[in-house]
file final-v8.tsv (TSV, C-alpha atoms)
chain	number	residue	atom	x	y	z
A	112	MET	CA	13.98	3.71	5.77
A	113	LYS	CA	12.29	1.47	3.19
A	114	VAL	CA	9.40	2.98	1.23
A	115	ILE	CA	7.06	0.37	-0.26
A	116	SER	CA	4.03	0.91	-2.49
A	117	ILE	CA	1.22	-1.66	-2.46
A	118	LEU	CA	-0.18	-1.50	-5.97
A	119	ASN	CA	-2.48	-3.22	-8.42
A	120	GLN	CA	-4.69	-1.20	-10.75
A	121	LYS	CA	-7.22	-4.04	-10.72
A	122	GLY	CA	-9.72	-3.47	-7.91
A	123	GLY	CA	-10.92	-6.03	-5.41
A	124	VAL	CA	-7.57	-7.79	-4.91
A	125	ALA	CA	-7.22	-6.99	-1.17
A	126	LYS	CA	-4.74	-4.18	-1.86
A	127	THR	CA	-5.94	-1.89	0.92
A	128	THR	CA	-6.47	-4.74	3.38
A	129	SER	CA	-2.95	-5.92	2.66
A	130	ALA	CA	-1.42	-2.46	3.09
A	131	GLN	CA	-3.12	-2.21	6.48
A	132	ASN	CA	-2.21	-5.63	7.78
A	133	ILE	CA	1.35	-5.61	6.41
A	134	SER	CA	1.89	-2.34	8.29
A	135	PHE	CA	0.49	-3.64	11.57
A	136	GLY	CA	2.26	-6.97	11.08
A	137	LEU	CA	5.60	-5.20	10.69
A	138	LYS	CA	4.83	-3.19	13.82
A	139	LYS	CA	4.05	-6.45	15.64
A	140	LEU	CA	7.50	-7.69	14.60
A	141	GLY	CA	9.14	-4.67	16.21
A	142	LYS	CA	9.35	-2.22	13.32
A	143	LYS	CA	8.36	1.45	13.36
A	144	VAL	CA	5.91	2.02	10.51
A	145	LEU	CA	4.32	4.98	8.73
A	146	LEU	CA	1.21	4.07	6.74
A	147	ILE	CA	0.00	6.40	3.98
A	148	ASP	CA	-3.51	6.28	2.49
A	149	PHE	CA	-2.96	7.53	-1.06
A	150	ASP	CA	-6.26	6.26	-2.46
A	151	PRO	CA	-9.03	8.91	-2.76
A	152	GLN	CA	-11.60	6.32	-1.69
A	153	GLY	CA	-10.10	6.55	1.79
A	154	ASN	CA	-10.92	2.92	2.60
A	155	LEU	CA	-7.65	2.45	4.43
A	156	THR	CA	-8.36	5.49	6.57
A	157	SER	CA	-11.72	4.01	7.56
A	158	GLY	CA	-10.20	0.56	7.92
A	159	VAL	CA	-7.83	1.69	10.67
A	160	GLY	CA	-10.67	3.38	12.56
A	161	ILE	CA	-10.37	7.01	11.45
A	162	ASP	CA	-13.51	8.97	10.53
A	163	LYS	CA	-12.48	10.20	7.09
A	164	ARG	CA	-15.47	12.57	6.84
A	165	GLY	CA	-14.42	14.43	9.97
A	166	LEU	CA	-10.82	15.09	8.99
A	167	GLU	CA	-9.78	18.74	8.91
A	168	ASN	CA	-6.51	18.01	7.08
A	169	THR	CA	-5.23	15.01	5.11
A	170	ILE	CA	-2.26	14.03	2.96
A	171	TYR	CA	-4.09	15.87	0.17
A	172	ASP	CA	-3.88	19.16	2.08
A	173	LEU	CA	-0.21	18.56	2.81
A	174	MET	CA	0.48	17.98	-0.90
A	175	LYS	CA	-1.32	21.21	-1.83
A	176	ASP	CA	0.56	23.08	0.88
A	177	ARG	CA	3.91	21.89	-0.44
A	178	ALA	CA	2.92	22.34	-4.10
A	179	PHE	CA	2.31	26.04	-3.57
A	180	GLY	CA	5.21	26.56	-1.16
A	181	LEU	CA	3.04	27.57	1.79
A	182	GLN	CA	4.56	25.48	4.61
A	183	ASN	CA	1.42	26.04	6.71
A	184	LEU	CA	1.00	22.35	7.51
A	185	GLY	CA	3.35	19.83	9.05
A	186	LEU	CA	3.19	16.05	9.27
A	187	ASP	CA	2.04	16.29	12.87
A	188	ASP	CA	-1.00	18.29	11.75
A	189	ILE	CA	-2.43	15.31	9.87
A	190	MET	CA	-0.79	12.23	11.41
A	191	VAL	CA	-2.90	9.88	13.52
A	192	ASN	CA	-1.49	7.01	15.60
A	193	LYS	CA	-3.50	3.77	15.51
A	194	GLU	CA	-2.37	0.65	17.38
A	195	GLY	CA	1.20	1.97	17.37
A	196	VAL	CA	1.31	2.71	13.63
A	197	ASP	CA	1.43	6.32	12.42
A	198	VAL	CA	-1.12	6.98	9.66
A	199	LEU	CA	-1.36	9.79	7.11
A	200	PRO	CA	-5.07	9.61	6.24
A	201	THR	CA	-7.08	10.81	3.25
A	202	ASN	CA	-10.65	11.18	2.00
A	203	ILE	CA	-12.58	11.91	-1.19
A	204	ARG	CA	-11.03	15.38	-1.52
A	205	MET	CA	-7.90	13.59	-2.71
A	206	SER	CA	-9.69	12.93	-6.00
A	207	LYS	CA	-9.27	16.64	-6.84
A	208	VAL	CA	-5.48	16.50	-6.71
A	209	ASN	CA	-4.98	15.77	-10.42
A	210	LEU	CA	-7.19	18.72	-11.39
A	211	GLU	CA	-5.89	21.22	-8.85
A	212	LEU	CA	-2.22	20.36	-9.16
A	213	GLY	CA	-2.20	19.40	-12.83
A	214	GLY	CA	-0.22	22.47	-13.85
A	215	VAL	CA	2.19	22.55	-10.92
A	216	PRO	CA	5.83	21.92	-11.92
A	217	GLY	CA	7.23	18.84	-10.24
A	218	ARG	CA	3.79	17.64	-9.15
A	219	GLU	CA	4.89	14.02	-9.61
A	220	ASN	CA	7.57	14.50	-6.91
A	221	LEU	CA	5.40	15.93	-4.15
A	222	LEU	CA	5.20	12.78	-2.04
A	223	LYS	CA	8.93	12.20	-2.39
A	224	GLU	CA	9.57	15.73	-1.13
A	225	ILE	CA	7.18	15.22	1.80
A	226	LEU	CA	8.93	12.00	2.79
A	227	LYS	CA	12.21	13.91	3.07
A	228	GLU	CA	10.63	15.37	6.22
A	229	VAL	CA	10.08	11.89	7.69
A	230	TYR	CA	12.59	10.44	10.15
A	231	GLY	CA	12.84	7.48	12.48
A	232	TYR	CA	10.76	4.92	10.59
A	233	ASP	CA	11.88	1.50	9.44
A	234	TYR	CA	9.14	1.22	6.82
A	235	VAL	CA	6.75	3.52	4.98
A	236	ILE	CA	3.84	1.64	3.41
A	237	ILE	CA	1.77	3.41	0.72
A	238	ASP	CA	-1.70	2.22	-0.24
A	239	CYS	CA	-1.92	3.29	-3.90
A	240	PRO	CA	-5.12	4.01	-5.84
A	241	PRO	CA	-6.33	1.28	-8.24
A	242	SER	CA	-5.29	3.32	-11.26
A	243	LEU	CA	-2.16	4.46	-13.07
A	244	ASP	CA	-2.45	8.22	-12.62
A	245	ASN	CA	-0.44	11.06	-11.10
A	246	LEU	CA	-1.08	9.83	-7.56
A	247	THR	CA	0.32	6.43	-8.44
A	248	PHE	CA	3.31	8.05	-10.15
A	249	ASN	CA	3.93	10.09	-6.98
A	250	ALA	CA	3.92	6.90	-4.91
A	251	LEU	CA	6.23	5.03	-7.27
A	252	ILE	CA	8.70	7.90	-7.53
A	253	ALA	CA	8.85	8.05	-3.72
A	254	SER	CA	9.31	4.27	-3.30
A	255	GLN	CA	12.14	1.80	-3.51
A	256	LYS	CA	9.89	-1.23	-3.83
A	257	VAL	CA	6.49	-2.21	-5.20
A	258	TYR	CA	4.54	-5.13	-3.77
A	259	ILE	CA	1.74	-6.48	-5.95
A	260	PRO	CA	-1.23	-8.36	-4.45
A	261	VAL	CA	-2.90	-10.64	-7.00
A	262	GLN	CA	-6.23	-12.36	-6.52
A	263	THR	CA	-6.28	-16.02	-7.56
A	264	GLU	CA	-8.91	-15.78	-10.25
A	265	PHE	CA	-9.14	-16.48	-13.98
A	266	TYR	CA	-8.12	-12.96	-15.01
A	267	ALA	CA	-5.37	-12.66	-12.38
A	268	LEU	CA	-2.69	-11.58	-14.84
A	269	GLU	CA	-4.94	-9.15	-16.68
A	270	GLY	CA	-3.39	-5.70	-16.46
A	271	ILE	CA	-0.20	-6.97	-14.83
A	272	VAL	CA	1.82	-6.46	-18.01
A	273	GLU	CA	0.61	-2.84	-18.24
A	274	LEU	CA	1.47	-2.35	-14.56
A	275	MET	CA	4.95	-3.74	-15.07
A	276	ASP	CA	5.44	-1.49	-18.10
A	277	THR	CA	4.51	1.50	-15.93
A	278	ILE	CA	6.97	0.43	-13.25
A	279	ASP	CA	9.69	0.00	-15.87
A	280	LEU	CA	8.94	3.47	-17.26
A	281	ILE	CA	9.20	5.07	-13.82
A	282	THR	CA	12.45	3.17	-13.17
A	283	GLN	CA	14.01	4.28	-16.45
A	284	ARG	CA	12.97	7.93	-16.34
A	285	MET	CA	12.20	9.02	-12.78
A	286	ASN	CA	13.35	6.60	-10.08
A	287	GLU	CA	16.17	4.21	-10.89
A	288	GLU	CA	15.96	2.66	-7.40
A	289	LEU	CA	12.44	1.34	-7.97
A	290	GLU	CA	11.91	-2.38	-8.38
A	291	ILE	CA	9.24	-5.01	-7.88
A	292	GLY	CA	9.93	-6.31	-4.39
A	293	GLY	CA	7.41	-9.12	-4.45
A	294	VAL	CA	4.08	-10.51	-5.57
A	295	PHE	CA	1.68	-12.35	-3.29
A	296	ALA	CA	-1.56	-14.25	-3.87
A	297	THR	CA	-4.68	-13.12	-2.00
A	298	MET	CA	-8.10	-14.61	-1.22
A	299	VAL	CA	-6.78	-18.10	-1.81
A	300	ASP	CA	-8.92	-21.19	-1.30
A	301	GLY	CA	-6.68	-24.23	-1.67
A	302	ARG	CA	-9.70	-26.48	-2.25
A	303	ILE	CA	-10.44	-24.74	-5.54
A	304	LYS	CA	-8.48	-26.17	-8.44
A	305	LEU	CA	-8.43	-22.84	-10.32
A	306	HIS	CA	-6.77	-21.07	-7.41
A	307	ASN	CA	-3.92	-23.58	-7.38
A	308	GLU	CA	-3.54	-23.31	-11.15
A	309	VAL	CA	-3.38	-19.51	-10.98
A	310	ILE	CA	-0.73	-19.66	-8.25
A	311	GLU	CA	1.39	-21.90	-10.47
A	312	GLN	CA	0.96	-19.41	-13.34
A	313	LEU	CA	2.05	-16.59	-11.06
A	314	LYS	CA	5.11	-18.54	-9.93
A	315	GLU	CA	6.04	-19.23	-13.54
A	316	PHE	CA	5.55	-15.60	-14.52
A	317	PHE	CA	7.24	-13.90	-11.55
A	318	GLY	CA	9.76	-16.53	-10.48
A	319	GLU	CA	11.66	-15.60	-7.31
A	320	ARG	CA	9.66	-12.41	-6.92
A	321	MET	CA	6.64	-14.51	-5.89
A	322	PHE	CA	6.23	-14.74	-2.12
A	323	ASN	CA	5.79	-18.22	-0.67
A	324	THR	CA	3.15	-16.99	1.76
A	325	LYS	CA	-0.41	-17.12	0.44
A	326	ILE	CA	-3.17	-14.99	1.95
A	327	ARG	CA	-6.08	-17.36	2.41
A	328	ARG	CA	-9.69	-16.30	2.07
A	329	ASN	CA	-10.76	-15.43	5.62
A	330	VAL	CA	-13.86	-13.51	6.63
A	331	LYS	CA	-12.15	-12.29	9.80
A	332	VAL	CA	-9.86	-10.06	7.70
A	333	THR	CA	-12.83	-8.19	6.22
A	334	GLU	CA	-14.57	-8.01	9.59
A	335	ALA	CA	-11.46	-6.51	11.19
A	336	SER	CA	-11.38	-3.59	8.75
A	337	SER	CA	-15.11	-2.99	9.23
A	338	TYR	CA	-14.42	-2.56	12.95
A	339	GLY	CA	-11.50	-0.23	12.27
A	340	VAL	CA	-8.72	-2.51	13.55
A	341	SER	CA	-6.07	-4.82	12.14
A	342	ILE	CA	-6.53	-8.56	11.89
A	343	PHE	CA	-3.99	-8.96	14.71
A	344	ASP	CA	-6.11	-6.93	17.09
A	345	TYR	CA	-9.41	-8.45	15.96
A	346	ALA	CA	-8.63	-12.15	15.56
A	347	SER	CA	-5.01	-12.91	16.39
A	348	ARG	CA	-5.43	-16.68	16.03
A	349	SER	CA	-7.23	-16.60	12.69
A	350	ASN	CA	-5.78	-17.82	9.40
A	351	GLY	CA	-5.76	-14.21	8.24
A	352	ALA	CA	-3.50	-13.16	11.11
A	353	LYS	CA	-1.21	-16.15	10.58
A	354	ASP	CA	-0.93	-15.47	6.85
A	355	TYR	CA	-0.21	-11.75	7.11
A	356	LEU	CA	2.32	-12.31	9.89
A	357	GLY	CA	3.99	-14.95	7.72
A	358	LEU	CA	4.08	-12.52	4.81
A	359	CYS	CA	5.63	-9.83	7.02
A	360	LYS	CA	8.34	-12.25	8.12
A	361	GLU	CA	9.10	-12.96	4.46
A	362	ILE	CA	9.23	-9.23	3.76
A	363	LEU	CA	11.76	-8.70	6.54
A	364	LYS	CA	13.83	-11.58	5.31
A	365	ARG	CA	13.95	-10.07	1.81
A	366	GLU	CA	14.46	-6.48	2.86
A	367	GLU	CA	16.92	-6.97	5.70
A	368	SER	CA	18.96	-10.04	4.74
call {"tool": "encode", "arguments": {"input": "final-v8.tsv", "output": "structure tokens"}}
result
Amino acid sequence: MKVISILNQKGGVAKTTSAQNISFGLKKLGKKVLLIDFDPQGNLTSGVGIDKRGLENTIYDLMKDRAFGLQNLGLDDIMVNKEGVDVLPTNIRMSKVNLELGGVPGRENLLKEILKEVYGYDYVIIDCPPSLDNLTFNALIASQKVYIPVQTEFYALEGIVELMDTIDLITQRMNEELEIGGVFATMVDGRIKLHNEVIEQLKEFFGERMFNTKIRRNVKVTEASSYGVSIFDYASRSNGAKDYLGLCKEILKREES
């Protein structure tokens, strides 16, 4: 079972959209996938068609349950299946986790402990919050790989060095298996000179870790999430569907070769 965090502390880079469509793309390619919304905004939860306001229990409740040794909740109590992908949803209550669990010993290992209860999946995809806090540390400690979506804009590399320092710190002190599995460009418009220049900068900076697949700017991708479905279900012939499926094929080639 491969556990992959989708992470960039810079907002607006299609992190959540990518986590969703990578998960459903992998499912389309025959893989069994568990998708975890670890961002208190809960946009992924909404994006897959779950009413986050009406949830009785979320991944937040499961973390609290395990933190205090209660064992009152199981994965089945919060898991929702959408289009063949199992989802552990969240909502704004997740924002209280740092405050409520701040003094709990081993709080940075809670997600890792929860995933020890998970069986039968090929991939676990974690949509991380756009910040480097305890939730992100939980995700990184539980993961083997980090995938970084980067928008092709002037400040694309801003914050990347800090992010890589954080990943290195986690690798050295808490999770020696963790590594950057890949970086991919999002919201690309090949007609714009700046976008092409940024992609070249990314290739120079990341080398072989840069995916060949580029996620082109495509309104259908945003529309799909607003309707609570993946791009494959909403517009299977769109550029967005083609790009995310191409990215998933690259992921499988890297992870399973």
call {"tool": "closest_residue", "arguments": {"input": "final-v8.tsv", "among": "A:Val309, A:Leu118, A:Leu140, A:Ile161", "to": "Lys193 (chain A)", "atoms": "all atoms listed in the file"}}
result
A:Ile161
call {"tool": "closest_residue", "arguments": {"input": "final-v8.tsv", "among": "A:Ala130, A:Val159, A:Pro151, A:Val215", "to": "Val340 (chain A)", "atoms": "all atoms listed in the file"}}
result
A:Val159
call {"tool": "closest_residue", "arguments": {"input": "final-v8.tsv", "among": "A:Leu251, A:Leu137, A:Met298, A:Ile259", "to": "Ile281 (chain A)", "atoms": "only C-alpha atoms"}}
result
A:Leu251
call {"tool": "closest_residue", "arguments": {"input": "final-v8.tsv", "among": "A:Leu221, A:Arg365, A:Lys126, A:Lys121", "to": "Gly180 (chain A)", "atoms": "all atoms listed in the file"}}
result
A:Leu221
call {"tool": "closest_residue", "arguments": {"input": "final-v8.tsv", "among": "A:Gly158, A:Gly213, A:Gly318, A:Gly136", "to": "Phe343 (chain A)", "atoms": "only C-alpha atoms"}}
result
A:Gly136
call {"tool": "closest_atom_pairs", "arguments": {"input": "final-v8.tsv", "of": "region 146-265 of chain A", "to": "region 282-286 of chain A", "cutoff": "10 Å", "atoms": "only C-alpha atoms", "output": "CSV"}}
result
residue,atom,partner,partner_atom,distance
A:Glu219,CA,A:Met285,CA,9.4
A:Asn220,CA,A:Met285,CA,9.3
A:Phe248,CA,A:Met285,CA,9.3
A:Leu251,CA,A:Asn286,CA,7.8
A:Ile252,CA,A:Asn286,CA,5.5
A:Ala253,CA,A:Asn286,CA,7.9
A:Ser254,CA,A:Asn286,CA,8.2
A:Gln255,CA,A:Asn286,CA,8.2
call {"tool": "residues_near_point", "arguments": {"input": "final-v8.tsv", "point": "(-9.3, -12.0, 7.5)", "cutoff": "12 Å", "atoms": "only C-alpha atoms", "output": "PDB file with C-alpha atoms, keeping the file's coordinate frame"}}
result
ATOM      1  CA  ALA A 125      -7.220  -6.990  -1.170  1.00  0.00           C
ATOM      2  CA  THR A 128      -6.470  -4.740   3.380  1.00  0.00           C
ATOM      3  CA  SER A 129      -2.950  -5.920   2.660  1.00  0.00           C
ATOM      4  CA  GLN A 131      -3.120  -2.210   6.480  1.00  0.00           C
ATOM      5  CA  ASN A 132      -2.210  -5.630   7.780  1.00  0.00           C
ATOM      6  CA  THR A 297      -4.680 -13.120  -2.000  1.00  0.00           C
ATOM      7  CA  MET A 298      -8.100 -14.610  -1.220  1.00  0.00           C
ATOM      8  CA  VAL A 299      -6.780 -18.100  -1.810  1.00  0.00           C
ATOM      9  CA  ILE A 326      -3.170 -14.990   1.950  1.00  0.00           C
ATOM     10  CA  ARG A 327      -6.080 -17.360   2.410  1.00  0.00           C
ATOM     11  CA  ARG A 328      -9.690 -16.300   2.070  1.00  0.00           C
ATOM     12  CA  ASN A 329     -10.760 -15.430   5.620  1.00  0.00           C
ATOM     13  CA  VAL A 330     -13.860 -13.510   6.630  1.00  0.00           C
ATOM     14  CA  LYS A 331     -12.150 -12.290   9.800  1.00  0.00           C
ATOM     15  CA  VAL A 332      -9.860 -10.060   7.700  1.00  0.00           C
ATOM     16  CA  THR A 333     -12.830  -8.190   6.220  1.00  0.00           C
ATOM     17  CA  GLU A 334     -14.570  -8.010   9.590  1.00  0.00           C
ATOM     18  CA  ALA A 335     -11.460  -6.510  11.190  1.00  0.00           C
ATOM     19  CA  SER A 336     -11.380  -3.590   8.750  1.00  0.00           C
ATOM     20  CA  SER A 337     -15.110  -2.990   9.230  1.00  0.00           C
ATOM     21  CA  VAL A 340      -8.720  -2.510  13.550  1.00  0.00           C
ATOM     22  CA  SER A 341      -6.070  -4.820  12.140  1.00  0.00           C
ATOM     23  CA  ILE A 342      -6.530  -8.560  11.890  1.00  0.00           C
ATOM     24  CA  PHE A 343      -3.990  -8.960  14.710  1.00  0.00           C
ATOM     25  CA  ASP A 344      -6.110  -6.930  17.090  1.00  0.00           C
ATOM     26  CA  TYR A 345      -9.410  -8.450  15.960  1.00  0.00           C
ATOM     27  CA  ALA A 346      -8.630 -12.150  15.560  1.00  0.00           C
ATOM     28  CA  SER A 347      -5.010 -12.910  16.390  1.00  0.00           C
ATOM     29  CA  ARG A 348      -5.430 -16.680  16.030  1.00  0.00           C
ATOM     30  CA  SER A 349      -7.230 -16.600  12.690  1.00  0.00           C
ATOM     31  CA  ASN A 350      -5.780 -17.820   9.400  1.00  0.00           C
ATOM     32  CA  GLY A 351      -5.760 -14.210   8.240  1.00  0.00           C
ATOM     33  CA  ALA A 352      -3.500 -13.160  11.110  1.00  0.00           C
ATOM     34  CA  LYS A 353      -1.210 -16.150  10.580  1.00  0.00           C
ATOM     35  CA  ASP A 354      -0.930 -15.470   6.850  1.00  0.00           C
ATOM     36  CA  TYR A 355      -0.210 -11.750   7.110  1.00  0.00           C
ATOM     37  CA  LEU A 356       2.320 -12.310   9.890  1.00  0.00           C
TER      38      LEU A 356
END
call {"tool": "closest_residue", "arguments": {"input": "final-v8.tsv", "among": "A:Asn249, A:Gln120, A:Thr277, A:Asn307", "to": "Val208 (chain A)", "atoms": "all atoms listed in the file"}}
result
A:Asn249
call {"tool": "atom_distance", "arguments": {"input": "final-v8.tsv", "atom1": "CA of Leu243 (chain A)", "atom2": "CA of Asn154 (chain A)"}}
result
18.0 Å
call {"tool": "residues_near_point", "arguments": {"input": "final-v8.tsv", "point": "(13.7, -6.6, 7.8)", "cutoff": "12 Å", "atoms": "only C-alpha atoms", "output": "PDB file with C-alpha atoms, in the frame of the given file"}}
result
ATOM      1  CA  MET A 112      13.980   3.710   5.770  1.00  0.00           C
ATOM      2  CA  LYS A 113      12.290   1.470   3.190  1.00  0.00           C
ATOM      3  CA  GLY A 136       2.260  -6.970  11.080  1.00  0.00           C
ATOM      4  CA  LEU A 137       5.600  -5.200  10.690  1.00  0.00           C
ATOM      5  CA  LYS A 138       4.830  -3.190  13.820  1.00  0.00           C
ATOM      6  CA  LEU A 140       7.500  -7.690  14.600  1.00  0.00           C
ATOM      7  CA  GLY A 141       9.140  -4.670  16.210  1.00  0.00           C
ATOM      8  CA  LYS A 142       9.350  -2.220  13.320  1.00  0.00           C
ATOM      9  CA  LYS A 143       8.360   1.450  13.360  1.00  0.00           C
ATOM     10  CA  VAL A 144       5.910   2.020  10.510  1.00  0.00           C
ATOM     11  CA  ASP A 233      11.880   1.500   9.440  1.00  0.00           C
ATOM     12  CA  TYR A 234       9.140   1.220   6.820  1.00  0.00           C
ATOM     13  CA  LEU A 358       4.080 -12.520   4.810  1.00  0.00           C
ATOM     14  CA  CYS A 359       5.630  -9.830   7.020  1.00  0.00           C
ATOM     15  CA  LYS A 360       8.340 -12.250   8.120  1.00  0.00           C
ATOM     16  CA  GLU A 361       9.100 -12.960   4.460  1.00  0.00           C
ATOM     17  CA  ILE A 362       9.230  -9.230   3.760  1.00  0.00           C
ATOM     18  CA  LEU A 363      11.760  -8.700   6.540  1.00  0.00           C
ATOM     19  CA  LYS A 364      13.830 -11.580   5.310  1.00  0.00           C
ATOM     20  CA  ARG A 365      13.950 -10.070   1.810  1.00  0.00           C
ATOM     21  CA  GLU A 366      14.460  -6.480   2.860  1.00  0.00           C
ATOM     22  CA  GLU A 367      16.920  -6.970   5.700  1.00  0.00           C
ATOM     23  CA  SER A 368      18.960 -10.040   4.740  1.00  0.00           C
TER      24      SER A 368
END
call {"tool": "closest_atom_pairs", "arguments": {"input": "final-v8.tsv", "of": "region 213-269 of chain A", "to": "region 302-305 of chain A", "cutoff": "8 Å", "atoms": "all atoms listed in the file", "output": "JSON lines"}}
result
{"residue": "A:Thr263", "atom": "CA", "partner": "A:Leu305", "partner_atom": "CA", "distance": 7.7}
{"residue": "A:Glu264", "atom": "CA", "partner": "A:Leu305", "partner_atom": "CA", "distance": 7.1}
{"residue": "A:Phe265", "atom": "CA", "partner": "A:Leu305", "partner_atom": "CA", "distance": 7.4}
call {"tool": "atom_distance", "arguments": {"input": "final-v8.tsv", "atom1": "CA of Asp150 (chain A)", "atom2": "CA of Asn119 (chain A)"}}
result
11.8 Å
call {"tool": "atom_distance", "arguments": {"input": "final-v8.tsv", "atom1": "CA of Gln312 (chain A)", "atom2": "CA of Phe135 (chain A)"}}
result
29.5 Å
call {"tool": "residues_around", "arguments": {"input": "final-v8.tsv", "residues": "Lys207 (chain A)", "least_positions_apart": "4", "cutoff": "9 Å", "atoms": "all atoms listed in the file", "output": "number ranges by chain"}}
result
A: 151, 171, 203, 211-212
